[in-house]
Every structure is written in structure tokens, then in C-alpha cells.
Amino acid sequence: MQITDIKIFLVGRWQFVKVETDEGIYGVGEGGGWPYVSKTAVEILKRKLIGENPFEIERLWYKMYRHFWGHGVVGAVGGGAISGIDMALWDIKGKALKVPVYELLGGKVRDKIRVYGHASTPEAARWFVDHGYTAFKCRASVKVIKELREAVGYDVDIGLHAHGDFTPSAAIRIAREAEKYEPAFFEEPVPPENIEAMAKVAAHSDIPLATGERFFNKWCFTELMNRQIIDIVQPEITRIGGITEQVKLSRMAEAHYIKVAPHDGSAGPIAEAANIQVCANLPNFIYLEHHAYDPSAPNADVPYRNKVAIGVIPDKDGYIEVPDTPGLGIDINEEECLKHPYEFRPSEEIPLEDVFTAKPTWLDLGE
């Protein structure tokens, strides 16, 4: 079997890829990391992969990675391109062997995937609980988590999401005040690339720290895990390097007694399908980010999400059933994809003085 073509579909905010072979079997994947820009990276990799055997996933992953590494562009753009192609290769192999991808990874350890959404109001929190959810995350505000605990009690996991916006001192102050409301995790309390800043927060808080959405390979996590600074890794499968790298990172995390909760913030239905296959196999998985309810959550306002993809499995009672169909268990509707071209969104202009503020506008300690 040989790769004959790689097609790219820029759909809304997403980048879908379709890898075709000379035997008529094709695979689909989803890349990220600024899809419109990484489209060019996919086109470059296409020239490197035509004629290759799609079964040799490990070798092809390193062929792609080394090409971008040599030019210093492995980051979000290169990682986004590699991710989508890698997912498609796993999809091809699963279809050709007539097994789900999780079987290629070693089999299932669970039949359904626990998911969580976004809720920063009591109304949203009650909606999740009423629909069977056992976890969601909210803005990193003491006032907010206090209100949510009063609304739904303590039988549900509530994480704090900070977007890396705080200084260490501000993050520590929030953590100390929020601890009595038992947050499930504190996601990116400070910019994650500053390891010493993350270590400082970890040393002054008992809340599990989580990070990973902005990292683009397993090596980005090494020191954070070796020093036991973080308790949860949150890889973005459309950026980190697809299924291949997500699995390797998860094995590394397991060796460090660290949980895996994949981030799915800007991803579409193909990426979620890939995450489901991976999470079905991971013993240290806890939950997967999922787009539900909150209209302010990324992609929650995309009405065609389940139209551009075929085989999307809806969540039920806070879980998504793991499909037993070959490959990723999902496909793209090319005709529908063409109806929803890529959305150009103007970048938000952030005043320079706000970038370095120690107190973001939503830092509310409830005082």
C-alpha cells in the first residue's frame, strides 16, 4: 500500500486532512496550531509522503518531525500539520486491518469516555449536573467556584482554568482562597513555559496543577513531570503530534503517577474521535474536554459540527461510548465541508500594559 494524495479541507475553524492510498483505503485526521498557516506545512509534508507505506506510522512520524525540526518550525504550525496526517495514518491502518485504533494501541481499558465541559455560572453548572455530568471547569475565580459549589455541591469535579494569565503570586493567592472549595485542578495558573513559576505555585498549593494545551511534543513535559510539578497533563492532540505522540506522552505520565486529561479546546469532531480512541486505551485517563452547553466555550457555537463529520457519537450522562468501528470510527462529509470555508477571525488587540498585569480583570477573590 502506498500514499497517493493528501487533501486538505479548511472548515470553519478547523483543518481536516484526508490521506488517500493506491488501494482505495483512506484515512481522515485533524490538524491544529493555526490551521490556515499549517495548511502550507501539510502541503510540504505531502511531497515528502507520496509513495510511502502508510502502515509505517512511527517512521513517517519521525520523517515529518525531523523535516520541520531541521528548519526550527516544529511548534504549533509543524505540530499541527504532523498531527492531522498522523491521525489519518492510524485511521488507514485500523480500516485496513478491520479493527478500531484502540486495538492497535493494546486494546480497551474502558467502554466509555468521561467528558467535561465549561460552566462559570450556577445555571450552567446545574445544567451539567442535570444531564449526568460529573465534571466541568470554570474561570479561575474564587467567587465563581464558591457560587458553583453552592449550586451543585461537592459530588462533581470542578476545575479552575486560568489561561496562563497570572503571576505566581496572584495564582498562589487564588489557590489558597479556593482550596476550601476543593477544585479538581488548577489549569495553567501561570504561563507554562516558565517552569520555575509553575514550581513556585505547586510549592504553595495543594490543588493539582494541570497544563499541556500549548505544548507541541512530549519533551516539553519532561522537566515538569520529572520534578513532580504537575499532576495532570492536558495534551492537545491536534498540536502535539497526533495519536503517536499523545500515546507516548501518556505512557511517560503513567510512569510519573500523573493523570491524563486531553485538552480539546479548539478541536473539531475528528480530533475528538481520535481522542476517544486514545483515551479508551489509557489506564491513567481521567476525563476529556468536550464542547457542551456553554455558549462562550470554543466551538460551542458551531451548528454544523455534526454535519461536516459522519459518525459523531453524542455524549450521554457525561460520557461518550467508545465505537467498535474500524479506524477512528468517523469520516468527513466533503460536500458539507465545502459549504463552510475557513473563518478568518481578527486577532484581539490587547494593550501591552494588560499583558503584564498581575491582576486580570476577572481576578475575583470574592472579597
# chains A, B, ... in the order shown; residues from 1 in each chain; ligands from 1
call {"tool": "closest_atom_pairs", "arguments": {"of": "segment 38-153 of chain A", "to": "segment 173-183 of chain A", "cutoff": "8 Å", "atoms": "only C-alpha atoms", "output": "CSV"}}
result
residue,atom,partner,partner_atom,distance
A:Ala140,CA,A:Ile174,CA,7.8
A:Ser141,CA,A:Ile174,CA,7.2
A:Val142,CA,A:Ala178,CA,5.3
A:Ile145,CA,A:Tyr181,CA,6.9
A:Lys146,CA,A:Tyr181,CA,6.4
A:Arg149,CA,A:Tyr181,CA,6.9
call {"tool": "write_last_selection", "arguments": {"atoms": "all heavy atoms", "output": "PDB file, in the first residue's frame"}}
result
ATOM      1  N   ALA A 140     -10.979  30.856  36.611  1.00  0.00           N
ATOM      2  CA  ALA A 140     -10.216  30.766  37.856  1.00  0.00           C
ATOM      3  C   ALA A 140     -10.548  31.951  38.763  1.00  0.00           C
ATOM      4  O   ALA A 140      -9.794  32.914  38.878  1.00  0.00           O
ATOM      5  CB  ALA A 140      -8.726  30.722  37.575  1.00  0.00           C
ATOM      6  N   SER A 141     -11.680  31.866  39.394  1.00  0.00           N
ATOM      7  CA  SER A 141     -12.150  32.911  40.299  1.00  0.00           C
ATOM      8  C   SER A 141     -12.689  32.252  41.560  1.00  0.00           C
ATOM      9  O   SER A 141     -13.482  31.305  41.488  1.00  0.00           O
ATOM     10  CB  SER A 141     -13.254  33.735  39.619  1.00  0.00           C
ATOM     11  OG  SER A 141     -14.023  34.433  40.565  1.00  0.00           O
ATOM     12  N   VAL A 142     -12.277  32.731  42.704  1.00  0.00           N
ATOM     13  CA  VAL A 142     -12.772  32.188  43.967  1.00  0.00           C
ATOM     14  C   VAL A 142     -14.275  32.420  44.090  1.00  0.00           C
ATOM     15  O   VAL A 142     -15.026  31.550  44.528  1.00  0.00           O
ATOM     16  CB  VAL A 142     -12.025  32.818  45.159  1.00  0.00           C
ATOM     17  CG1 VAL A 142     -12.591  32.289  46.478  1.00  0.00           C
ATOM     18  CG2 VAL A 142     -10.539  32.511  45.073  1.00  0.00           C
ATOM     19  N   ILE A 145     -16.145  29.775  41.772  1.00  0.00           N
ATOM     20  CA  ILE A 145     -16.208  28.394  42.254  1.00  0.00           C
ATOM     21  C   ILE A 145     -17.029  28.306  43.542  1.00  0.00           C
ATOM     22  O   ILE A 145     -17.706  27.296  43.785  1.00  0.00           O
ATOM     23  CB  ILE A 145     -14.792  27.792  42.450  1.00  0.00           C
ATOM     24  CG1 ILE A 145     -14.914  26.272  42.657  1.00  0.00           C
ATOM     25  CG2 ILE A 145     -14.036  28.452  43.587  1.00  0.00           C
ATOM     26  CD1 ILE A 145     -13.607  25.539  42.636  1.00  0.00           C
ATOM     27  N   LYS A 146     -17.030  29.337  44.353  1.00  0.00           N
ATOM     28  CA  LYS A 146     -17.881  29.365  45.549  1.00  0.00           C
ATOM     29  C   LYS A 146     -19.353  29.272  45.148  1.00  0.00           C
ATOM     30  O   LYS A 146     -20.123  28.487  45.711  1.00  0.00           O
ATOM     31  CB  LYS A 146     -17.627  30.646  46.350  1.00  0.00           C
ATOM     32  CG  LYS A 146     -18.519  30.827  47.567  1.00  0.00           C
ATOM     33  CD  LYS A 146     -18.139  32.107  48.314  1.00  0.00           C
ATOM     34  CE  LYS A 146     -18.994  32.300  49.568  1.00  0.00           C
ATOM     35  NZ  LYS A 146     -20.417  32.559  49.234  1.00  0.00           N
ATOM     36  N   ARG A 149     -20.141  25.734  43.793  1.00  0.00           N
ATOM     37  CA  ARG A 149     -20.271  24.732  44.855  1.00  0.00           C
ATOM     38  C   ARG A 149     -21.612  24.883  45.575  1.00  0.00           C
ATOM     39  O   ARG A 149     -22.268  23.888  45.926  1.00  0.00           O
ATOM     40  CB  ARG A 149     -19.121  24.861  45.844  1.00  0.00           C
ATOM     41  CG  ARG A 149     -17.790  24.296  45.352  1.00  0.00           C
ATOM     42  CD  ARG A 149     -17.894  22.830  45.052  1.00  0.00           C
ATOM     43  NE  ARG A 149     -16.596  22.227  44.693  1.00  0.00           N
ATOM     44  CZ  ARG A 149     -16.477  21.131  43.978  1.00  0.00           C
ATOM     45  NH1 ARG A 149     -17.561  20.507  43.527  1.00  0.00           N
ATOM     46  NH2 ARG A 149     -15.293  20.634  43.698  1.00  0.00           N
TER      47      ARG A 149
END
call {"tool": "closest_atom_pairs", "arguments": {"of": "segment 74-165 of chain A", "to": "segment 1-8 of chain A", "cutoff": "12 Å", "atoms": "only C-alpha atoms", "output": "CSV"}}
result
residue,atom,partner,partner_atom,distance
A:Ala81,CA,A:Ile8,CA,10.3
A:Gly84,CA,A:Ile8,CA,9.7
A:Ile85,CA,A:Ile6,CA,8.3
A:Asp86,CA,A:Ile6,CA,11.7
A:Ala88,CA,A:Ile6,CA,9.7
A:Leu89,CA,A:Ile3,CA,9.6
A:Ile92,CA,A:Ile3,CA,10.2
A:Lys93,CA,A:Met1,CA,10.4
A:Ala96,CA,A:Met1,CA,9.9
call {"tool": "select_by_dssp", "arguments": {"residues": "segment 276-331 of chain A", "states": "helix (DSSP H, G or I)", "output": "list of chain:residue names"}}
result
A:Ile276, A:Gln277, A:Val278, A:Cys279, A:Ala280, A:Asn281
call {"tool": "write_last_selection", "arguments": {"atoms": "N, CA and C atoms", "output": "PDB file, in the first residue's frame"}}
result
ATOM      1  N   ILE A 276     -10.932   9.891  21.640  1.00  0.00           N
ATOM      2  CA  ILE A 276     -11.722   8.798  22.207  1.00  0.00           C
ATOM      3  C   ILE A 276     -10.973   7.473  22.060  1.00  0.00           C
ATOM      4  N   GLN A 277     -10.361   7.255  20.891  1.00  0.00           N
ATOM      5  CA  GLN A 277      -9.611   6.026  20.676  1.00  0.00           C
ATOM      6  C   GLN A 277      -8.428   5.919  21.630  1.00  0.00           C
ATOM      7  N   VAL A 278      -7.711   7.015  21.819  1.00  0.00           N
ATOM      8  CA  VAL A 278      -6.560   7.013  22.711  1.00  0.00           C
ATOM      9  C   VAL A 278      -6.996   6.825  24.163  1.00  0.00           C
ATOM     10  N   CYS A 279      -7.987   7.601  24.575  1.00  0.00           N
ATOM     11  CA  CYS A 279      -8.426   7.554  25.975  1.00  0.00           C
ATOM     12  C   CYS A 279      -8.997   6.197  26.359  1.00  0.00           C
ATOM     13  N   ALA A 280      -9.578   5.495  25.391  1.00  0.00           N
ATOM     14  CA  ALA A 280     -10.101   4.156  25.671  1.00  0.00           C
ATOM     15  C   ALA A 280      -8.996   3.215  26.113  1.00  0.00           C
ATOM     16  N   ASN A 281      -7.767   3.509  25.724  1.00  0.00           N
ATOM     17  CA  ASN A 281      -6.631   2.624  25.981  1.00  0.00           C
ATOM     18  C   ASN A 281      -5.818   3.007  27.211  1.00  0.00           C
TER      19      ASN A 281
END
call {"tool": "residues_around", "arguments": {"residues": "Pro283 of chain A", "least_positions_apart": "5", "cutoff": "12 Å", "atoms": "only C-alpha atoms", "output": "PyMOL selection string"}}
result
chain A and resi 106-110+113+247+250-251+253-255+257-261+278
call {"tool": "write_last_selection", "arguments": {"atoms": "all heavy atoms", "output": "short mmCIF file (atom, residue, chain, number, x, y, z; two decimals), in the first residue's frame"}}
result
data_model
loop_
_atom_site.label_atom_id
_atom_site.label_comp_id
_atom_site.auth_asym_id
_atom_site.auth_seq_id
_atom_site.Cartn_x
_atom_site.Cartn_y
_atom_site.Cartn_z
N GLY A 106 -3.29 -1.55 21.95
CA GLY A 106 -3.23 -2.53 23.04
C GLY A 106 -4.58 -2.91 23.59
O GLY A 106 -4.67 -3.70 24.54
N GLY A 107 -5.66 -2.35 23.03
CA GLY A 107 -6.99 -2.71 23.48
C GLY A 107 -7.58 -1.71 24.46
O GLY A 107 -6.92 -0.79 24.93
N LYS A 108 -8.86 -1.90 24.76
CA LYS A 108 -9.58 -1.00 25.66
C LYS A 108 -9.34 -1.32 27.13
O LYS A 108 -9.16 -2.48 27.49
CB LYS A 108 -11.09 -1.09 25.41
CG LYS A 108 -11.59 -0.51 24.12
CD LYS A 108 -13.11 -0.49 24.09
CE LYS A 108 -13.70 -1.88 24.11
NZ LYS A 108 -15.19 -1.85 24.01
N VAL A 109 -9.37 -0.28 27.93
CA VAL A 109 -9.46 -0.46 29.38
C VAL A 109 -10.78 0.10 29.90
O VAL A 109 -11.08 -0.01 31.08
CB VAL A 109 -8.28 0.21 30.13
CG1 VAL A 109 -6.96 -0.41 29.74
CG2 VAL A 109 -8.26 1.71 29.89
N ARG A 110 -11.56 0.71 29.00
CA ARG A 110 -12.88 1.23 29.34
C ARG A 110 -13.76 1.26 28.10
O ARG A 110 -13.26 1.32 26.97
CB ARG A 110 -12.76 2.64 29.95
CG ARG A 110 -12.15 3.68 29.04
CD ARG A 110 -12.01 5.03 29.74
NE ARG A 110 -11.26 4.92 30.98
CZ ARG A 110 -9.94 4.89 31.04
NH1 ARG A 110 -9.22 4.97 29.93
NH2 ARG A 110 -9.30 4.78 32.18
N ILE A 113 -16.05 7.07 27.63
CA ILE A 113 -15.11 8.13 27.97
C ILE A 113 -15.81 9.22 28.78
O ILE A 113 -16.80 9.82 28.33
CB ILE A 113 -14.52 8.76 26.68
CG1 ILE A 113 -13.86 7.68 25.81
CG2 ILE A 113 -13.54 9.87 27.02
CD1 ILE A 113 -12.77 6.91 26.48
N VAL A 247 0.03 9.20 22.75
CA VAL A 247 0.19 7.93 23.45
C VAL A 247 1.53 7.89 24.18
O VAL A 247 1.61 7.47 25.35
CB VAL A 247 0.07 6.75 22.48
CG1 VAL A 247 0.49 5.44 23.15
CG2 VAL A 247 -1.36 6.64 21.96
N SER A 250 1.42 9.99 27.26
CA SER A 250 0.58 9.36 28.28
C SER A 250 1.30 8.24 28.99
O SER A 250 1.13 8.04 30.20
CB SER A 250 -0.71 8.84 27.64
OG SER A 250 -1.43 9.90 27.03
N ARG A 251 2.13 7.50 28.26
CA ARG A 251 2.93 6.44 28.90
C ARG A 251 3.97 7.06 29.84
O ARG A 251 4.24 6.55 30.94
CB ARG A 251 3.64 5.60 27.84
CG ARG A 251 2.74 4.97 26.80
CD ARG A 251 1.83 3.90 27.37
NE ARG A 251 1.17 3.16 26.29
CZ ARG A 251 -0.14 3.05 26.16
NH1 ARG A 251 -0.95 3.62 27.04
NH2 ARG A 251 -0.67 2.36 25.17
N ALA A 253 3.62 9.89 31.38
CA ALA A 253 2.87 10.39 32.53
C ALA A 253 2.54 9.25 33.50
O ALA A 253 2.64 9.41 34.72
CB ALA A 253 1.58 11.06 32.04
N GLU A 254 2.17 8.11 32.96
CA GLU A 254 1.85 6.96 33.80
C GLU A 254 3.04 6.57 34.67
O GLU A 254 2.89 6.25 35.86
CB GLU A 254 1.42 5.78 32.92
CG GLU A 254 1.05 4.54 33.71
CD GLU A 254 0.76 3.34 32.81
OE1 GLU A 254 0.86 3.48 31.57
OE2 GLU A 254 0.47 2.26 33.36
N ALA A 255 4.23 6.63 34.10
CA ALA A 255 5.44 6.27 34.85
C ALA A 255 5.72 7.25 35.97
O ALA A 255 6.44 6.93 36.92
CB ALA A 255 6.64 6.20 33.90
N TYR A 257 3.18 8.70 37.71
CA TYR A 257 1.94 8.73 38.50
C TYR A 257 1.13 10.00 38.21
O TYR A 257 0.53 10.59 39.12
CB TYR A 257 2.24 8.62 39.99
CG TYR A 257 3.22 7.52 40.32
CD1 TYR A 257 4.46 7.80 40.88
CD2 TYR A 257 2.91 6.18 40.03
CE1 TYR A 257 5.37 6.79 41.14
CE2 TYR A 257 3.81 5.17 40.30
CZ TYR A 257 5.03 5.48 40.85
OH TYR A 257 5.94 4.47 41.11
N ILE A 258 1.11 10.41 36.95
CA ILE A 258 0.41 11.62 36.52
C ILE A 258 -0.78 11.22 35.65
O ILE A 258 -0.69 10.31 34.83
CB ILE A 258 1.37 12.54 35.75
CG1 ILE A 258 2.40 13.13 36.73
CG2 ILE A 258 0.63 13.66 35.03
CD1 ILE A 258 3.51 13.90 36.05
N LYS A 259 -1.91 11.90 35.86
CA LYS A 259 -3.12 11.61 35.12
C LYS A 259 -3.13 12.33 33.76
O LYS A 259 -2.40 13.30 33.55
CB LYS A 259 -4.35 12.05 35.92
CG LYS A 259 -4.50 11.35 37.27
CD LYS A 259 -4.79 9.87 37.10
CE LYS A 259 -5.08 9.20 38.44
NZ LYS A 259 -5.36 7.75 38.27
N VAL A 260 -3.99 11.84 32.86
CA VAL A 260 -4.12 12.42 31.52
C VAL A 260 -5.56 12.90 31.32
O VAL A 260 -6.51 12.12 31.49
CB VAL A 260 -3.76 11.40 30.43
CG1 VAL A 260 -3.91 12.03 29.04
CG2 VAL A 260 -2.34 10.88 30.62
N ALA A 261 -5.69 14.16 30.96
CA ALA A 261 -7.00 14.75 30.65
C ALA A 261 -6.83 15.58 29.39
O ALA A 261 -6.60 16.79 29.46
CB ALA A 261 -7.50 15.62 31.81
N VAL A 278 -7.71 7.01 21.82
CA VAL A 278 -6.56 7.01 22.71
C VAL A 278 -7.00 6.82 24.16
O VAL A 278 -6.45 5.99 24.90
CB VAL A 278 -5.75 8.32 22.56
CG1 VAL A 278 -4.64 8.39 23.61
CG2 VAL A 278 -5.14 8.41 21.16
#
call {"tool": "residues_around", "arguments": {"residues": "Ala119 of chain A", "least_positions_apart": "4", "cutoff": "8 Å", "atoms": "only C-alpha atoms", "output": "VMD selection string"}}
result
chain A and resid 124 to 125 136 to 138 294
call {"tool": "atom_distance", "arguments": {"atom1": "atom CA of Glu223 of chain A", "atom2": "atom CA of Pro191 of chain A"}}
result
15.0 Å
call {"tool": "select_by_dssp", "arguments": {"residues": "segment 127-364 of chain A", "states": "strand (DSSP E or B)", "output": "PyMOL selection string"}}
result
chain A and resi 135-139+157-161+186-187+209-211+232-233+236+259-260+263+285+288-293+309-310+316+319-321+327+331-332+341
call {"tool": "write_last_selection", "arguments": {"atoms": "N, CA and C atoms", "output": "mmCIF file, in the first residue's frame"}}
result
data_model
loop_
_atom_site.group_PDB
_atom_site.id
_atom_site.type_symbol
_atom_site.label_atom_id
_atom_site.label_comp_id
_atom_site.auth_asym_id
_atom_site.auth_seq_id
_atom_site.Cartn_x
_atom_site.Cartn_y
_atom_site.Cartn_z
ATOM 1 N N ALA A 135 -18.216 16.370 35.942
ATOM 2 C CA ALA A 135 -17.062 17.264 35.917
ATOM 3 C C ALA A 135 -17.294 18.404 34.930
ATOM 4 N N PHE A 136 -16.749 19.554 35.258
ATOM 5 C CA PHE A 136 -16.665 20.690 34.346
ATOM 6 C C PHE A 136 -15.612 21.638 34.896
ATOM 7 N N LYS A 137 -15.231 22.635 34.114
ATOM 8 C CA LYS A 137 -14.278 23.626 34.616
ATOM 9 C C LYS A 137 -14.849 25.020 34.447
ATOM 10 N N CYS A 138 -14.290 25.955 35.238
ATOM 11 C CA CYS A 138 -14.794 27.320 35.244
ATOM 12 C C CYS A 138 -13.623 28.300 35.241
ATOM 13 N N ARG A 139 -13.939 29.577 35.092
ATOM 14 C CA ARG A 139 -12.911 30.612 35.209
ATOM 15 C C ARG A 139 -12.250 30.531 36.565
ATOM 16 N N ASP A 157 -16.632 17.169 40.039
ATOM 17 C CA ASP A 157 -15.304 17.775 39.919
ATOM 18 C C ASP A 157 -15.417 19.124 39.208
ATOM 19 N N ILE A 158 -14.833 20.151 39.799
ATOM 20 C CA ILE A 158 -14.823 21.477 39.183
ATOM 21 C C ILE A 158 -13.375 21.950 39.092
ATOM 22 N N GLY A 159 -12.899 22.135 37.874
ATOM 23 C CA GLY A 159 -11.551 22.622 37.666
ATOM 24 C C GLY A 159 -11.516 24.124 37.484
ATOM 25 N N LEU A 160 -10.375 24.727 37.767
ATOM 26 C CA LEU A 160 -10.165 26.159 37.550
ATOM 27 C C LEU A 160 -9.287 26.344 36.318
ATOM 28 N N HIS A 161 -9.722 27.192 35.405
ATOM 29 C CA HIS A 161 -8.978 27.418 34.173
ATOM 30 C C HIS A 161 -8.485 28.858 34.144
ATOM 31 N N PHE A 186 -6.053 23.010 38.818
ATOM 32 C CA PHE A 186 -5.789 24.415 38.502
ATOM 33 C C PHE A 186 -5.033 24.395 37.181
ATOM 34 N N GLU A 187 -5.724 24.752 36.103
ATOM 35 C CA GLU A 187 -5.156 24.651 34.764
ATOM 36 C C GLU A 187 -4.400 25.916 34.372
ATOM 37 N N LEU A 209 -2.021 20.684 39.789
ATOM 38 C CA LEU A 209 -1.758 21.582 38.668
ATOM 39 C C LEU A 209 -1.844 20.803 37.359
ATOM 40 N N ALA A 210 -2.376 21.463 36.331
ATOM 41 C CA ALA A 210 -2.547 20.848 35.020
ATOM 42 C C ALA A 210 -2.029 21.788 33.941
ATOM 43 N N THR A 211 -1.467 21.222 32.879
ATOM 44 C CA THR A 211 -1.016 22.031 31.752
ATOM 45 C C THR A 211 -0.776 21.135 30.545
ATOM 46 N N ILE A 232 -1.499 16.631 36.317
ATOM 47 C CA ILE A 232 -2.335 16.258 35.171
ATOM 48 C C ILE A 232 -1.720 16.846 33.905
ATOM 49 N N VAL A 233 -1.578 16.022 32.860
ATOM 50 C CA VAL A 233 -1.149 16.542 31.565
ATOM 51 C C VAL A 233 -2.379 16.689 30.680
ATOM 52 N N GLU A 236 -2.973 18.632 23.625
ATOM 53 C CA GLU A 236 -3.906 18.966 22.546
ATOM 54 C C GLU A 236 -3.527 18.077 21.362
ATOM 55 N N LYS A 259 -1.911 11.899 35.858
ATOM 56 C CA LYS A 259 -3.125 11.612 35.116
ATOM 57 C C LYS A 259 -3.133 12.329 33.764
ATOM 58 N N VAL A 260 -3.988 11.841 32.861
ATOM 59 C CA VAL A 260 -4.122 12.417 31.520
ATOM 60 C C VAL A 260 -5.558 12.896 31.322
ATOM 61 N N HIS A 263 -6.756 18.000 26.358
ATOM 62 C CA HIS A 263 -7.390 19.280 26.087
ATOM 63 C C HIS A 263 -8.013 19.211 24.698
ATOM 64 N N PHE A 285 -6.083 7.770 32.327
ATOM 65 C CA PHE A 285 -7.009 8.783 31.828
ATOM 66 C C PHE A 285 -8.046 9.139 32.896
ATOM 67 N N LEU A 288 -12.024 13.897 29.373
ATOM 68 C CA LEU A 288 -11.729 14.563 28.118
ATOM 69 C C LEU A 288 -12.577 15.825 28.009
ATOM 70 N N GLU A 289 -11.936 16.928 27.634
ATOM 71 C CA GLU A 289 -12.696 18.162 27.415
ATOM 72 C C GLU A 289 -13.658 17.971 26.248
ATOM 73 N N HIS A 290 -14.878 18.460 26.424
ATOM 74 C CA HIS A 290 -15.932 18.254 25.426
ATOM 75 C C HIS A 290 -16.756 19.522 25.313
ATOM 76 N N HIS A 291 -17.217 19.816 24.112
ATOM 77 C CA HIS A 291 -17.965 21.048 23.877
ATOM 78 C C HIS A 291 -19.447 20.822 24.153
ATOM 79 N N ALA A 292 -19.911 21.396 25.240
ATOM 80 C CA ALA A 292 -21.308 21.229 25.605
ATOM 81 C C ALA A 292 -21.799 22.440 26.391
ATOM 82 N N TYR A 293 -22.967 22.859 26.088
ATOM 83 C CA TYR A 293 -23.752 23.882 26.795
ATOM 84 C C TYR A 293 -23.240 25.305 26.711
ATOM 85 N N ALA A 309 -18.936 16.087 9.713
ATOM 86 C CA ALA A 309 -18.370 14.778 10.058
ATOM 87 C C ALA A 309 -19.483 13.736 10.130
ATOM 88 N N ILE A 310 -19.167 12.532 9.722
ATOM 89 C CA ILE A 310 -20.114 11.418 9.735
ATOM 90 C C ILE A 310 -19.682 10.421 10.797
ATOM 91 N N LYS A 316 -23.734 11.157 26.485
ATOM 92 C CA LYS A 316 -24.915 10.756 27.241
ATOM 93 C C LYS A 316 -24.534 10.592 28.698
ATOM 94 N N TYR A 319 -20.821 10.973 29.444
ATOM 95 C CA TYR A 319 -19.884 10.017 28.851
ATOM 96 C C TYR A 319 -20.125 9.910 27.342
ATOM 97 N N ILE A 320 -19.094 9.459 26.623
ATOM 98 C CA ILE A 320 -19.228 9.121 25.211
ATOM 99 C C ILE A 320 -18.830 7.666 25.039
ATOM 100 N N GLU A 321 -19.702 6.880 24.425
ATOM 101 C CA GLU A 321 -19.418 5.468 24.200
ATOM 102 C C GLU A 321 -18.271 5.309 23.196
ATOM 103 N N GLY A 327 -10.792 1.722 12.419
ATOM 104 C CA GLY A 327 -10.128 3.020 12.346
ATOM 105 C C GLY A 327 -10.582 3.956 13.446
ATOM 106 N N ASP A 331 -15.837 9.854 9.716
ATOM 107 C CA ASP A 331 -15.471 10.239 8.357
ATOM 108 C C ASP A 331 -15.867 11.699 8.162
ATOM 109 N N ILE A 332 -15.431 12.288 7.055
ATOM 110 C CA ILE A 332 -15.811 13.654 6.748
ATOM 111 C C ILE A 332 -16.770 13.687 5.570
ATOM 112 N N PRO A 341 -16.382 27.377 4.584
ATOM 113 C CA PRO A 341 -14.966 27.716 4.426
ATOM 114 C C PRO A 341 -14.374 28.269 5.711
#
call {"tool": "residues_around", "arguments": {"residues": "Asp264 of chain A", "least_positions_apart": "2", "cutoff": "10 Å", "atoms": "only C-alpha atoms", "output": "NGL selection string"}}
result
:A and (213 or 234-238 or 261-262 or 266-269 or 271-272 or 275 or 288-291 or 298)
call {"tool": "closest_residue", "arguments": {"among": "A:Asp317, A:Gly51, A:Phe221, A:Ile44", "to": "Val115 of chain A", "atoms": "only C-alpha atoms"}}
result
A:Asp317
